[in-house]
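Working notes, beginning with the structure itself.
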Amino acid sequence: MKAPAGRFTARTVRAKAPGKVNVSLDVGPLRPDGYHSVASVYLAVSLYEEVTATSTEAPGITVALSPDSTLDLDDVDIPLDQNNLAYKAAAIMADVSEHATGVHLEITKRVPVAGGMGGGSADAAATLLACDALWNSGLSREELAHLAAELGADVPFSLLGGTAVGLGLGDELSPALAKAQTDWVLVTADYGLPTPEVYRTLDRLRAAEGIDVAEPTGVDPQILTALRSGDAEALSRVLVNDLQRASIELAPSLRDTLGIGEAHGAIAGIVSGSGPTVALLADDPVAAEGLAENLRRYGLTALAVHGPVPGARIMSDILL
Ligand code: ATP
């Protein structure tokens, strides 16, 4: 439908993008540029962020959090200005879009903030896709992935979804053909762990112990084999996260969470990325639901999810 010439017609596009779990995360030494190279297997899981992008007659970008968010919005510290990752994604899309207008972004938060699951990155990925549609920018997935990498190391994966190996800063992605479902329980915390602080703590622990690590060059092929067959038992033996000890150093209760999970039927547990979210591996969906239920009795916030799931997608596109 075409709007009469000269009259502004608002359009609203809704997109969603998944959070992730790092099934493996090898971290190299501190590089002279201050970053760390990683080798990681990413798994997109069924916990989604949603972004609704609505064009506005007034220029500029505004950001709000939706009351439909499942996170307690009073508890979270999310900037709503140009520091918000969704804002940055809209700004970068506006730069490359001939027909950019003003835009209002409403974010439905479900992925824990600063939880090591790439929630802000998912907001950025969903915003890229939503603004691409809103402004008919017509960028290819490859062009979008390029913009995503400028926004942050985890943004390209949220766009891609599925299962992927990430090298470099985590943004050099190769999709892995591992489509079998694995089931997880996410135990979220009511605090965040700033990713840079977790990396600094790992460097400090390694230095104190005189541990020299090599640059990671790839991931253990057994992880991909287990993910391809959906063999949770085999996967449980190869889960690894180099950051876990640093996260536990900063938040010792994570050790208890892992212990409680394993005592109640998880096959294995791992801190997700920089934490503090813990990902517990379960045998199947029923076991995952049962485990989550049990953990909630301990007062923990536990959610059964599965992966892999597809990356960022448009959910609706409406002329108002
Ligand atoms: P990463 O491992 O990539 O740091 P994370 O999942 O641990 O990701 P995020 O929830 O993405 O952490 O957010 C980390 C910080 O980024 C937050 O503390 C917040 O201040 C800031 N931030 C910026 N934009 C957003 C956003 N849209 N949602 C959540 N946090 C955001």
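How things are named: the first chain in the structure tokens is A, the next is B, and so on; residues count from 1 in each chain; ligands count from 1 in the order shown.
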
Surrounding residues as an mmCIF file with N, CA, C and O atoms, in the first residue's frame, ligand 1, max 8 Å, only C-alpha atoms and all ligand atoms:
```
data_model
loop_
_atom_site.group_PDB
_atom_site.id
_atom_site.type_symbol
_atom_site.label_atom_id
_atom_site.label_comp_id
_atom_site.auth_asym_id
_atom_site.auth_seq_id
_atom_site.Cartn_x
_atom_site.Cartn_y
_atom_site.Cartn_z
ATOM 1 N N GLY A 19 19.511 -15.282 22.190
ATOM 2 C CA GLY A 19 20.718 -15.259 23.020
ATOM 3 C C GLY A 19 21.542 -16.499 22.722
ATOM 4 O O GLY A 19 21.102 -17.388 21.985
ATOM 5 N N VAL A 76 17.665 -3.698 36.268
ATOM 6 C CA VAL A 76 18.708 -3.739 35.253
ATOM 7 C C VAL A 76 19.242 -2.350 34.926
ATOM 8 O O VAL A 76 18.541 -1.346 35.080
ATOM 9 N N ASP A 77 20.486 -2.349 34.491
ATOM 10 C CA ASP A 77 21.146 -1.085 34.198
ATOM 11 C C ASP A 77 21.421 -1.052 32.692
ATOM 12 O O ASP A 77 22.448 -1.542 32.226
ATOM 13 N N ILE A 78 20.454 -0.510 31.972
ATOM 14 C CA ILE A 78 20.586 -0.487 30.514
ATOM 15 C C ILE A 78 20.508 0.962 30.033
ATOM 16 O O ILE A 78 19.501 1.643 30.292
ATOM 17 N N PRO A 79 21.541 1.443 29.353
ATOM 18 C CA PRO A 79 21.468 2.823 28.864
ATOM 19 C C PRO A 79 20.410 2.920 27.769
ATOM 20 O O PRO A 79 20.248 1.989 26.981
ATOM 21 N N LEU A 80 19.668 4.044 27.751
ATOM 22 C CA LEU A 80 18.656 4.201 26.695
ATOM 23 C C LEU A 80 19.092 5.277 25.695
ATOM 24 O O LEU A 80 18.318 5.702 24.843
ATOM 25 N N ASN A 83 24.467 4.957 23.895
ATOM 26 C CA ASN A 83 25.288 3.822 24.338
ATOM 27 C C ASN A 83 24.557 2.487 24.247
ATOM 28 O O ASN A 83 25.158 1.441 24.426
ATOM 29 N N ASN A 84 23.243 2.544 24.010
ATOM 30 C CA ASN A 84 22.513 1.292 23.859
ATOM 31 C C ASN A 84 22.898 0.636 22.529
ATOM 32 O O ASN A 84 22.989 1.298 21.497
ATOM 33 N N LEU A 85 23.123 -0.668 22.577
ATOM 34 C CA LEU A 85 23.571 -1.364 21.355
ATOM 35 C C LEU A 85 22.526 -1.318 20.236
ATOM 36 O O LEU A 85 22.877 -1.298 19.061
ATOM 37 N N ALA A 86 21.242 -1.285 20.614
ATOM 38 C CA ALA A 86 20.196 -1.190 19.597
ATOM 39 C C ALA A 86 20.242 0.196 18.943
ATOM 40 O O ALA A 86 20.108 0.334 17.723
ATOM 41 N N TYR A 87 20.467 1.222 19.750
ATOM 42 C CA TYR A 87 20.618 2.594 19.228
ATOM 43 C C TYR A 87 21.769 2.633 18.221
ATOM 44 O O TYR A 87 21.647 3.162 17.116
ATOM 45 N N ILE A 107 12.385 -2.326 23.046
ATOM 46 C CA ILE A 107 13.088 -3.600 23.232
ATOM 47 C C ILE A 107 12.380 -4.437 24.287
ATOM 48 O O ILE A 107 12.138 -3.966 25.397
ATOM 49 N N LYS A 109 13.075 -7.219 26.685
ATOM 50 C CA LYS A 109 14.260 -7.898 27.248
ATOM 51 C C LYS A 109 13.850 -9.223 27.889
ATOM 52 O O LYS A 109 12.991 -9.263 28.760
ATOM 53 N N VAL A 111 16.683 -11.861 27.723
ATOM 54 C CA VAL A 111 18.013 -12.419 27.982
ATOM 55 C C VAL A 111 18.632 -11.620 29.130
ATOM 56 O O VAL A 111 18.624 -10.378 29.097
ATOM 57 N N PRO A 112 19.131 -12.309 30.173
ATOM 58 C CA PRO A 112 19.671 -11.567 31.320
ATOM 59 C C PRO A 112 20.741 -10.553 30.920
ATOM 60 O O PRO A 112 21.550 -10.837 30.036
ATOM 61 N N VAL A 113 20.689 -9.392 31.573
ATOM 62 C CA VAL A 113 21.631 -8.316 31.240
ATOM 63 C C VAL A 113 22.993 -8.617 31.873
ATOM 64 O O VAL A 113 23.068 -9.024 33.032
ATOM 65 N N ALA A 114 24.055 -8.423 31.068
ATOM 66 C CA ALA A 114 25.425 -8.726 31.514
ATOM 67 C C ALA A 114 25.503 -10.145 32.069
ATOM 68 O O ALA A 114 26.160 -10.413 33.063
ATOM 69 N N GLY A 115 24.796 -11.057 31.402
ATOM 70 C CA GLY A 115 24.723 -12.442 31.866
ATOM 71 C C GLY A 115 25.602 -13.394 31.087
ATOM 72 O O GLY A 115 25.564 -14.601 31.314
ATOM 73 N N GLY A 116 26.365 -12.870 30.119
ATOM 74 C CA GLY A 116 27.221 -13.748 29.313
ATOM 75 C C GLY A 116 26.458 -14.462 28.216
ATOM 76 O O GLY A 116 26.938 -15.441 27.646
ATOM 77 N N MET A 117 25.244 -13.970 27.893
ATOM 78 C CA MET A 117 24.454 -14.619 26.839
ATOM 79 C C MET A 117 24.242 -13.720 25.628
ATOM 80 O O MET A 117 23.433 -14.034 24.751
ATOM 81 N N GLY A 118 24.944 -12.607 25.606
ATOM 82 C CA GLY A 118 24.875 -11.741 24.425
ATOM 83 C C GLY A 118 23.522 -11.092 24.203
ATOM 84 O O GLY A 118 23.068 -10.953 23.065
ATOM 85 N N GLY A 119 22.854 -10.652 25.270
ATOM 86 C CA GLY A 119 21.531 -10.041 25.136
ATOM 87 C C GLY A 119 21.569 -8.717 24.377
ATOM 88 O O GLY A 119 20.762 -8.479 23.478
ATOM 89 N N GLY A 120 22.510 -7.873 24.729
ATOM 90 C CA GLY A 120 22.642 -6.592 24.019
ATOM 91 C C GLY A 120 22.983 -6.826 22.554
ATOM 92 O O GLY A 120 22.494 -6.123 21.657
ATOM 93 N N SER A 121 23.785 -7.837 22.310
ATOM 94 C CA SER A 121 24.158 -8.171 20.922
ATOM 95 C C SER A 121 22.932 -8.633 20.150
ATOM 96 O O SER A 121 22.774 -8.320 18.961
ATOM 97 N N ALA A 122 22.044 -9.383 20.820
ATOM 98 C CA ALA A 122 20.809 -9.826 20.166
ATOM 99 C C ALA A 122 19.937 -8.619 19.825
ATOM 100 O O ALA A 122 19.328 -8.557 18.754
ATOM 101 N N ASP A 123 19.894 -7.625 20.720
ATOM 102 C CA ASP A 123 19.131 -6.400 20.427
ATOM 103 C C ASP A 123 19.693 -5.712 19.188
ATOM 104 O O ASP A 123 18.944 -5.216 18.340
ATOM 105 N N ALA A 124 21.018 -5.682 19.097
ATOM 106 C CA ALA A 124 21.656 -5.038 17.945
ATOM 107 C C ALA A 124 21.333 -5.800 16.664
ATOM 108 O O ALA A 124 20.994 -5.199 15.633
ATOM 109 N N GLY A 152 29.989 -5.212 17.569
ATOM 110 C CA GLY A 152 30.469 -6.023 18.700
ATOM 111 C C GLY A 152 30.710 -7.451 18.270
ATOM 112 O O GLY A 152 30.088 -7.931 17.312
ATOM 113 N N ALA A 153 31.584 -8.129 19.015
ATOM 114 C CA ALA A 153 32.029 -9.461 18.604
ATOM 115 C C ALA A 153 30.888 -10.487 18.559
ATOM 116 O O ALA A 153 30.921 -11.419 17.766
ATOM 117 N N ASP A 154 29.853 -10.316 19.409
ATOM 118 C CA ASP A 154 28.784 -11.323 19.465
ATOM 119 C C ASP A 154 27.606 -11.005 18.548
ATOM 120 O O ASP A 154 26.682 -11.811 18.427
ATOM 121 N N GLY A 192 25.057 -8.782 37.363
ATOM 122 C CA GLY A 192 25.801 -9.012 36.126
ATOM 123 C C GLY A 192 27.285 -9.123 36.423
ATOM 124 O O GLY A 192 27.740 -8.734 37.503
ATOM 125 N N LEU A 193 28.033 -9.666 35.487
ATOM 126 C CA LEU A 193 29.502 -9.653 35.597
ATOM 127 C C LEU A 193 30.016 -8.920 34.367
ATOM 128 O O LEU A 193 29.791 -9.379 33.244
ATOM 129 N N PRO A 194 30.696 -7.783 34.560
ATOM 130 C CA PRO A 194 31.187 -7.059 33.380
ATOM 131 C C PRO A 194 32.257 -7.897 32.663
ATOM 132 O O PRO A 194 33.232 -8.324 33.288
ATOM 133 N N THR A 195 32.036 -8.136 31.372
ATOM 134 C CA THR A 195 32.945 -9.005 30.608
ATOM 135 C C THR A 195 34.416 -8.583 30.738
ATOM 136 O O THR A 195 35.274 -9.435 30.979
ATOM 137 N N PRO A 196 34.762 -7.270 30.616
ATOM 138 C CA PRO A 196 36.187 -6.897 30.707
ATOM 139 C C PRO A 196 36.811 -7.290 32.049
ATOM 140 O O PRO A 196 37.966 -7.702 32.096
ATOM 141 N N GLY A 273 29.756 -18.130 28.734
ATOM 142 C CA GLY A 273 30.603 -16.989 28.389
ATOM 143 C C GLY A 273 31.271 -16.422 29.632
ATOM 144 O O GLY A 273 31.877 -17.142 30.422
ATOM 145 N N SER A 274 31.093 -15.122 29.846
ATOM 146 C CA SER A 274 31.727 -14.499 31.015
ATOM 147 C C SER A 274 30.851 -14.619 32.270
ATOM 148 O O SER A 274 31.230 -14.142 33.332
ATOM 149 N N GLY A 275 29.680 -15.280 32.136
ATOM 150 C CA GLY A 275 28.795 -15.461 33.282
ATOM 151 C C GLY A 275 28.076 -14.154 33.619
ATOM 152 O O GLY A 275 28.249 -13.142 32.945
#
```

Exercise: Ala53 of chain A partners within 10 Å, only C-alpha atoms, chain neighbours under 6 positions left out, as a PDB file with N, CA, C and O atoms, in the first residue's frame:
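What follows is the written file part.pdb:
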```pdb
ATOM      1  N   ARG A  11       5.479   3.156   9.890  1.00  0.00           N
ATOM      2  CA  ARG A  11       5.553   1.728   9.622  1.00  0.00           C
ATOM      3  C   ARG A  11       6.233   1.106  10.835  1.00  0.00           C
ATOM      4  O   ARG A  11       7.089   1.729  11.465  1.00  0.00           O
ATOM      5  N   THR A  12       5.830  -0.090  11.167  1.00  0.00           N
ATOM      6  CA  THR A  12       6.443  -0.704  12.352  1.00  0.00           C
ATOM      7  C   THR A  12       6.886  -2.134  12.019  1.00  0.00           C
ATOM      8  O   THR A  12       6.115  -2.912  11.479  1.00  0.00           O
ATOM      9  N   VAL A  13       8.143  -2.424  12.311  1.00  0.00           N
ATOM     10  CA  VAL A  13       8.710  -3.737  11.998  1.00  0.00           C
ATOM     11  C   VAL A  13       9.189  -4.365  13.300  1.00  0.00           C
ATOM     12  O   VAL A  13       9.898  -3.730  14.080  1.00  0.00           O
ATOM     13  N   ARG A  14       8.779  -5.635  13.504  1.00  0.00           N
ATOM     14  CA  ARG A  14       9.187  -6.338  14.723  1.00  0.00           C
ATOM     15  C   ARG A  14      10.142  -7.457  14.332  1.00  0.00           C
ATOM     16  O   ARG A  14       9.870  -8.221  13.388  1.00  0.00           O
ATOM     17  N   ALA A  15      11.268  -7.542  15.046  1.00  0.00           N
ATOM     18  CA  ALA A  15      12.249  -8.599  14.751  1.00  0.00           C
ATOM     19  C   ALA A  15      12.670  -9.246  16.049  1.00  0.00           C
ATOM     20  O   ALA A  15      12.593  -8.635  17.120  1.00  0.00           O
ATOM     21  N   ILE A  61      16.830   8.969  16.895  1.00  0.00           N
ATOM     22  CA  ILE A  61      16.587   7.597  17.375  1.00  0.00           C
ATOM     23  C   ILE A  61      16.212   7.670  18.854  1.00  0.00           C
ATOM     24  O   ILE A  61      16.900   8.332  19.638  1.00  0.00           O
ATOM     25  N   THR A  62      15.108   7.023  19.224  1.00  0.00           N
ATOM     26  CA  THR A  62      14.763   6.929  20.646  1.00  0.00           C
ATOM     27  C   THR A  62      14.648   5.443  21.011  1.00  0.00           C
ATOM     28  O   THR A  62      14.326   4.612  20.162  1.00  0.00           O
ATOM     29  N   VAL A  63      14.931   5.149  22.284  1.00  0.00           N
ATOM     30  CA  VAL A  63      14.916   3.754  22.746  1.00  0.00           C
ATOM     31  C   VAL A  63      14.098   3.653  24.025  1.00  0.00           C
ATOM     32  O   VAL A  63      14.215   4.496  24.925  1.00  0.00           O
ATOM     33  N   ALA A  90      20.834   1.011  14.983  1.00  0.00           N
ATOM     34  CA  ALA A  90      19.956   1.857  14.156  1.00  0.00           C
ATOM     35  C   ALA A  90      20.769   2.989  13.524  1.00  0.00           C
ATOM     36  O   ALA A  90      20.567   3.340  12.347  1.00  0.00           O
ATOM     37  N   GLY A 102      13.316   9.044  11.153  1.00  0.00           N
ATOM     38  CA  GLY A 102      13.500   8.881  12.587  1.00  0.00           C
ATOM     39  C   GLY A 102      12.980   7.501  12.968  1.00  0.00           C
ATOM     40  O   GLY A 102      12.186   6.903  12.222  1.00  0.00           O
ATOM     41  N   VAL A 103      13.419   6.997  14.108  1.00  0.00           N
ATOM     42  CA  VAL A 103      12.928   5.667  14.498  1.00  0.00           C
ATOM     43  C   VAL A 103      12.827   5.562  16.020  1.00  0.00           C
ATOM     44  O   VAL A 103      13.673   6.087  16.754  1.00  0.00           O
ATOM     45  N   HIS A 104      11.736   4.914  16.466  1.00  0.00           N
ATOM     46  CA  HIS A 104      11.608   4.595  17.883  1.00  0.00           C
ATOM     47  C   HIS A 104      11.786   3.088  18.038  1.00  0.00           C
ATOM     48  O   HIS A 104      11.135   2.306  17.331  1.00  0.00           O
ATOM     49  N   LEU A 105      12.681   2.700  18.954  1.00  0.00           N
ATOM     50  CA  LEU A 105      12.958   1.273  19.163  1.00  0.00           C
ATOM     51  C   LEU A 105      12.391   0.867  20.515  1.00  0.00           C
ATOM     52  O   LEU A 105      12.679   1.505  21.534  1.00  0.00           O
ATOM     53  N   GLU A 106      11.568  -0.186  20.503  1.00  0.00           N
ATOM     54  CA  GLU A 106      11.092  -0.713  21.786  1.00  0.00           C
ATOM     55  C   GLU A 106      11.652  -2.130  21.944  1.00  0.00           C
ATOM     56  O   GLU A 106      11.442  -2.988  21.082  1.00  0.00           O
ATOM     57  N   ILE A 107      12.385  -2.326  23.046  1.00  0.00           N
ATOM     58  CA  ILE A 107      13.088  -3.600  23.232  1.00  0.00           C
ATOM     59  C   ILE A 107      12.380  -4.437  24.287  1.00  0.00           C
ATOM     60  O   ILE A 107      12.138  -3.966  25.397  1.00  0.00           O
ATOM     61  N   ALA A 126      18.729  -7.779  16.037  1.00  0.00           N
ATOM     62  CA  ALA A 126      17.316  -7.612  15.685  1.00  0.00           C
ATOM     63  C   ALA A 126      17.077  -6.212  15.116  1.00  0.00           C
ATOM     64  O   ALA A 126      16.305  -6.029  14.166  1.00  0.00           O
ATOM     65  N   THR A 127      17.765  -5.209  15.666  1.00  0.00           N
ATOM     66  CA  THR A 127      17.580  -3.826  15.188  1.00  0.00           C
ATOM     67  C   THR A 127      18.112  -3.664  13.766  1.00  0.00           C
ATOM     68  O   THR A 127      17.486  -2.985  12.936  1.00  0.00           O
ATOM     69  N   LEU A 128      19.256  -4.278  13.482  1.00  0.00           N
ATOM     70  CA  LEU A 128      19.805  -4.189  12.114  1.00  0.00           C
ATOM     71  C   LEU A 128      18.771  -4.696  11.113  1.00  0.00           C
ATOM     72  O   LEU A 128      18.490  -4.051  10.101  1.00  0.00           O
ATOM     73  N   LEU A 129      18.200  -5.856  11.438  1.00  0.00           N
ATOM     74  CA  LEU A 129      17.249  -6.478  10.514  1.00  0.00           C
ATOM     75  C   LEU A 129      15.973  -5.639  10.407  1.00  0.00           C
ATOM     76  O   LEU A 129      15.448  -5.410   9.318  1.00  0.00           O
ATOM     77  N   ALA A 130      15.483  -5.156  11.556  1.00  0.00           N
ATOM     78  CA  ALA A 130      14.237  -4.375  11.565  1.00  0.00           C
ATOM     79  C   ALA A 130      14.417  -3.071  10.781  1.00  0.00           C
ATOM     80  O   ALA A 130      13.559  -2.690   9.979  1.00  0.00           O
ATOM     81  N   CYS A 131      15.539  -2.385  10.993  1.00  0.00           N
ATOM     82  CA  CYS A 131      15.750  -1.102  10.298  1.00  0.00           C
ATOM     83  C   CYS A 131      16.011  -1.324   8.808  1.00  0.00           C
ATOM     84  O   CYS A 131      15.618  -0.510   7.975  1.00  0.00           O
ATOM     85  N   ALA A 133      14.558  -3.523   7.028  1.00  0.00           N
ATOM     86  CA  ALA A 133      13.219  -3.662   6.437  1.00  0.00           C
ATOM     87  C   ALA A 133      12.482  -2.324   6.450  1.00  0.00           C
ATOM     88  O   ALA A 133      11.887  -1.911   5.453  1.00  0.00           O
ATOM     89  N   LEU A 134      12.549  -1.614   7.587  1.00  0.00           N
ATOM     90  CA  LEU A 134      11.819  -0.348   7.764  1.00  0.00           C
ATOM     91  C   LEU A 134      12.196   0.664   6.686  1.00  0.00           C
ATOM     92  O   LEU A 134      11.357   1.394   6.173  1.00  0.00           O
ATOM     93  N   ASP A 317       5.605  -6.778   9.868  1.00  0.00           N
ATOM     94  CA  ASP A 317       5.970  -5.549   9.151  1.00  0.00           C
ATOM     95  C   ASP A 317       4.641  -4.880   8.766  1.00  0.00           C
ATOM     96  O   ASP A 317       3.939  -5.371   7.896  1.00  0.00           O
TER      97      ASP A 317
END
```

_Report, in Å to a single decimal, how far apart atom CA of Val38 of chain A and atom CA of Asp190 of chain A are._
27.0 Å

*Name the closest residue to Gly307 of chain A among the candidates A:Thr108, A:Thr163, A:Ser236, A:Thr277; distances are taken between atoms, counting only C-alpha atoms.*
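Of all the options, A:Thr163 lies closest to Gly307 of chain A.
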
*Could you tell me which of A:Ser97, A:Ser46, A:Asn294, A:Thr70 comes closest to Val21 of chain A if we count only C-alpha atoms?*
A:Ser46

*asked:* Under the rule that only C-alpha atoms are counted, which of A:Ile211, A:Leu73, A:Leu25, A:Ala100 is the nearest residue to Gly60 of chain A?
replied: A:Ala100

*Which residues in segment 15-262 of chain A does DSSP call alpha helix (DSSP H)? List them as number ranges by chain.*
A: 85-96, 119-134, 141-151, 155-160, 195-208, 221-229, 232-236, 244-250, 253-262

*List the neighbours of Ala145 of chain A out to 12 Å using only C-alpha atoms; skip same-chain residues closer than 5 positions along the sequence, and give me the result as a ChimeraX atom specification.*
/A:89,93,124-126,128-129,139-140,150-161,171-173,311-312

Can I get the residues of segment 196-286 of chain A within 12 Å of segment 34-37 of chain A, each with the closest pair of atoms and their distance in Å to one decimal, using only C-alpha atoms, sorted chain first then ascending number, as JSON lines?
```
{"residue": "A:Pro196", "atom": "CA", "partner": "A:Tyr35", "partner_atom": "CA", "distance": 9.4}
{"residue": "A:Val198", "atom": "CA", "partner": "A:His36", "partner_atom": "CA", "distance": 11.8}
{"residue": "A:Tyr199", "atom": "CA", "partner": "A:His36", "partner_atom": "CA", "distance": 8.3}
{"residue": "A:Arg200", "atom": "CA", "partner": "A:Gly34", "partner_atom": "CA", "distance": 10.0}
{"residue": "A:Leu202", "atom": "CA", "partner": "A:His36", "partner_atom": "CA", "distance": 10.8}
{"residue": "A:Asp203", "atom": "CA", "partner": "A:His36", "partner_atom": "CA", "distance": 9.9}
{"residue": "A:Val213", "atom": "CA", "partner": "A:Ser37", "partner_atom": "CA", "distance": 11.2}
{"residue": "A:Ala214", "atom": "CA", "partner": "A:Ser37", "partner_atom": "CA", "distance": 9.9}
{"residue": "A:Glu215", "atom": "CA", "partner": "A:Ser37", "partner_atom": "CA", "distance": 6.7}
{"residue": "A:Pro216", "atom": "CA", "partner": "A:Ser37", "partner_atom": "CA", "distance": 6.9}
{"residue": "A:Thr217", "atom": "CA", "partner": "A:Ser37", "partner_atom": "CA", "distance": 9.0}
{"residue": "A:Gly218", "atom": "CA", "partner": "A:Ser37", "partner_atom": "CA", "distance": 10.8}
{"residue": "A:Asp242", "atom": "CA", "partner": "A:His36", "partner_atom": "CA", "distance": 11.8}
{"residue": "A:Leu243", "atom": "CA", "partner": "A:His36", "partner_atom": "CA", "distance": 11.5}
```

Now that the selection is made, can you save its residues with all heavy atoms as a tab-separated table (two decimals), in the first residue's frame?
```tsv
chain	number	residue	atom	x	y	z
A	196	PRO	N	34.76	-7.27	30.62
A	196	PRO	CA	36.19	-6.90	30.71
A	196	PRO	C	36.81	-7.29	32.05
A	196	PRO	O	37.97	-7.70	32.10
A	196	PRO	CB	36.17	-5.37	30.54
A	196	PRO	CG	34.86	-5.06	29.89
A	196	PRO	CD	33.90	-6.11	30.34
A	198	VAL	N	35.99	-9.84	33.91
A	198	VAL	CA	36.20	-11.30	33.93
A	198	VAL	C	37.49	-11.64	33.18
A	198	VAL	O	38.31	-12.43	33.66
A	198	VAL	CB	34.98	-12.03	33.33
A	198	VAL	CG1	35.21	-13.54	33.33
A	198	VAL	CG2	33.71	-11.70	34.12
A	199	TYR	N	37.71	-11.00	32.04
A	199	TYR	CA	38.96	-11.24	31.29
A	199	TYR	C	40.18	-10.80	32.10
A	199	TYR	O	41.19	-11.49	32.14
A	199	TYR	CB	38.93	-10.52	29.94
A	199	TYR	CG	38.25	-11.33	28.85
A	199	TYR	CD1	36.90	-11.17	28.58
A	199	TYR	CD2	38.96	-12.27	28.10
A	199	TYR	CE1	36.27	-11.92	27.58
A	199	TYR	CE2	38.35	-13.02	27.11
A	199	TYR	CZ	37.01	-12.84	26.86
A	199	TYR	OH	36.39	-13.59	25.88
A	200	ARG	N	40.06	-9.63	32.75
A	200	ARG	CA	41.20	-9.14	33.56
A	200	ARG	C	41.51	-10.12	34.69
A	200	ARG	O	42.67	-10.37	35.01
A	200	ARG	CB	40.88	-7.76	34.15
A	200	ARG	CG	41.22	-6.60	33.21
A	200	ARG	CD	41.25	-5.28	33.96
A	200	ARG	NE	39.99	-4.92	34.60
A	200	ARG	CZ	38.98	-4.31	33.97
A	200	ARG	NH1	39.09	-3.98	32.70
A	200	ARG	NH2	37.87	-4.01	34.62
A	202	LEU	N	40.94	-13.35	34.68
A	202	LEU	CA	41.59	-14.54	34.11
A	202	LEU	C	43.08	-14.26	33.89
A	202	LEU	O	43.94	-15.09	34.24
A	202	LEU	CB	40.92	-14.92	32.78
A	202	LEU	CG	41.56	-16.13	32.08
A	202	LEU	CD1	41.37	-17.41	32.91
A	202	LEU	CD2	41.00	-16.33	30.68
A	203	ASP	N	43.41	-13.09	33.35
A	203	ASP	CA	44.83	-12.74	33.12
A	203	ASP	C	45.59	-12.75	34.44
A	203	ASP	O	46.72	-13.22	34.52
A	203	ASP	CB	44.95	-11.35	32.47
A	203	ASP	CG	44.37	-11.32	31.07
A	203	ASP	OD1	44.32	-12.38	30.43
A	203	ASP	OD2	43.96	-10.22	30.62
A	213	VAL	N	49.60	-19.45	28.01
A	213	VAL	CA	48.74	-20.17	27.07
A	213	VAL	C	49.07	-19.73	25.65
A	213	VAL	O	49.56	-18.61	25.43
A	213	VAL	CB	47.23	-19.92	27.34
A	213	VAL	CG1	46.78	-20.59	28.62
A	213	VAL	CG2	46.90	-18.45	27.37
A	214	ALA	N	48.80	-20.63	24.71
A	214	ALA	CA	49.05	-20.32	23.29
A	214	ALA	C	47.81	-19.65	22.71
A	214	ALA	O	46.72	-19.72	23.30
A	214	ALA	CB	49.36	-21.61	22.55
A	215	GLU	N	47.99	-19.01	21.57
A	215	GLU	CA	46.83	-18.46	20.85
A	215	GLU	C	45.95	-19.63	20.42
A	215	GLU	O	46.44	-20.60	19.85
A	215	GLU	CB	47.31	-17.73	19.58
A	215	GLU	CG	48.01	-16.42	19.83
A	215	GLU	CD	47.06	-15.32	20.33
A	215	GLU	OE1	45.84	-15.47	20.14
A	215	GLU	OE2	47.55	-14.35	20.91
A	216	PRO	N	44.64	-19.56	20.68
A	216	PRO	CA	43.79	-20.67	20.23
A	216	PRO	C	43.66	-20.67	18.71
A	216	PRO	O	43.57	-19.61	18.10
A	216	PRO	CB	42.44	-20.37	20.88
A	216	PRO	CG	42.47	-18.93	21.21
A	216	PRO	CD	43.90	-18.49	21.33
A	217	THR	N	43.70	-21.87	18.12
A	217	THR	CA	43.65	-21.94	16.65
A	217	THR	C	42.38	-22.61	16.15
A	217	THR	O	42.04	-22.50	14.98
A	217	THR	CB	44.86	-22.71	16.10
A	217	THR	OG1	44.93	-23.95	16.81
A	217	THR	CG2	46.15	-21.92	16.30
A	218	GLY	N	41.70	-23.33	17.02
A	218	GLY	CA	40.48	-24.01	16.57
A	218	GLY	C	39.79	-24.63	17.76
A	218	GLY	O	40.24	-24.47	18.89
A	242	ASP	N	37.21	-21.42	29.47
A	242	ASP	CA	38.40	-20.89	30.15
A	242	ASP	C	38.06	-19.75	31.11
A	242	ASP	O	38.80	-19.48	32.05
A	242	ASP	CB	39.42	-20.37	29.12
A	242	ASP	CG	40.20	-21.49	28.46
A	242	ASP	OD1	40.08	-22.65	28.91
A	242	ASP	OD2	40.93	-21.20	27.48
A	243	LEU	N	36.95	-19.05	30.84
A	243	LEU	CA	36.60	-17.90	31.69
A	243	LEU	C	35.94	-18.32	33.00
A	243	LEU	O	35.82	-17.51	33.92
A	243	LEU	CB	35.64	-16.95	30.96
A	243	LEU	CG	36.20	-16.12	29.81
A	243	LEU	CD1	35.09	-15.28	29.21
A	243	LEU	CD2	37.34	-15.23	30.29
```

*Among segment 90-207 of chain A, which residues carry a DSSP assignment of strand (DSSP E), reported as a list in words?*
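The strand (DSSP E) residues within segment 90-207 of chain A come out as Gly102, Val103, His104, Leu105, Glu106, Ile107, Thr108, Thr163, Ala164, Val165, Gly166, Leu167, Glu172, Leu173, Ser174, Pro175, Thr182, Asp183, Trp184, Val185, Leu186, Val187 and Thr188 of chain A.
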
Got time to write the residues from that selection, C-alpha atoms, as a short mmCIF file (atom, residue, chain, number, x, y, z; two decimals), in the first residue's frame?
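And here's again_15.cif as it stands now:
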```cif
data_model
loop_
_atom_site.label_atom_id
_atom_site.label_comp_id
_atom_site.auth_asym_id
_atom_site.auth_seq_id
_atom_site.Cartn_x
_atom_site.Cartn_y
_atom_site.Cartn_z
CA GLY A 102 13.50 8.88 12.59
CA VAL A 103 12.93 5.67 14.50
CA HIS A 104 11.61 4.60 17.88
CA LEU A 105 12.96 1.27 19.16
CA GLU A 106 11.09 -0.71 21.79
CA ILE A 107 13.09 -3.60 23.23
CA THR A 108 11.52 -6.61 24.93
CA THR A 163 25.67 -23.41 15.77
CA ALA A 164 28.93 -21.78 14.72
CA VAL A 165 32.63 -21.77 15.43
CA GLY A 166 33.98 -18.32 16.27
CA LEU A 167 37.66 -17.42 16.03
CA GLU A 172 35.19 -14.76 12.50
CA LEU A 173 32.30 -17.17 12.21
CA SER A 174 31.95 -20.46 10.40
CA PRO A 175 28.51 -22.05 10.56
CA THR A 182 20.32 -30.24 22.86
CA ASP A 183 18.42 -29.24 25.97
CA TRP A 184 19.65 -26.85 28.62
CA VAL A 185 18.54 -25.16 31.79
CA LEU A 186 19.73 -21.60 32.19
CA VAL A 187 20.18 -20.43 35.74
CA THR A 188 20.27 -16.66 35.70
#
```
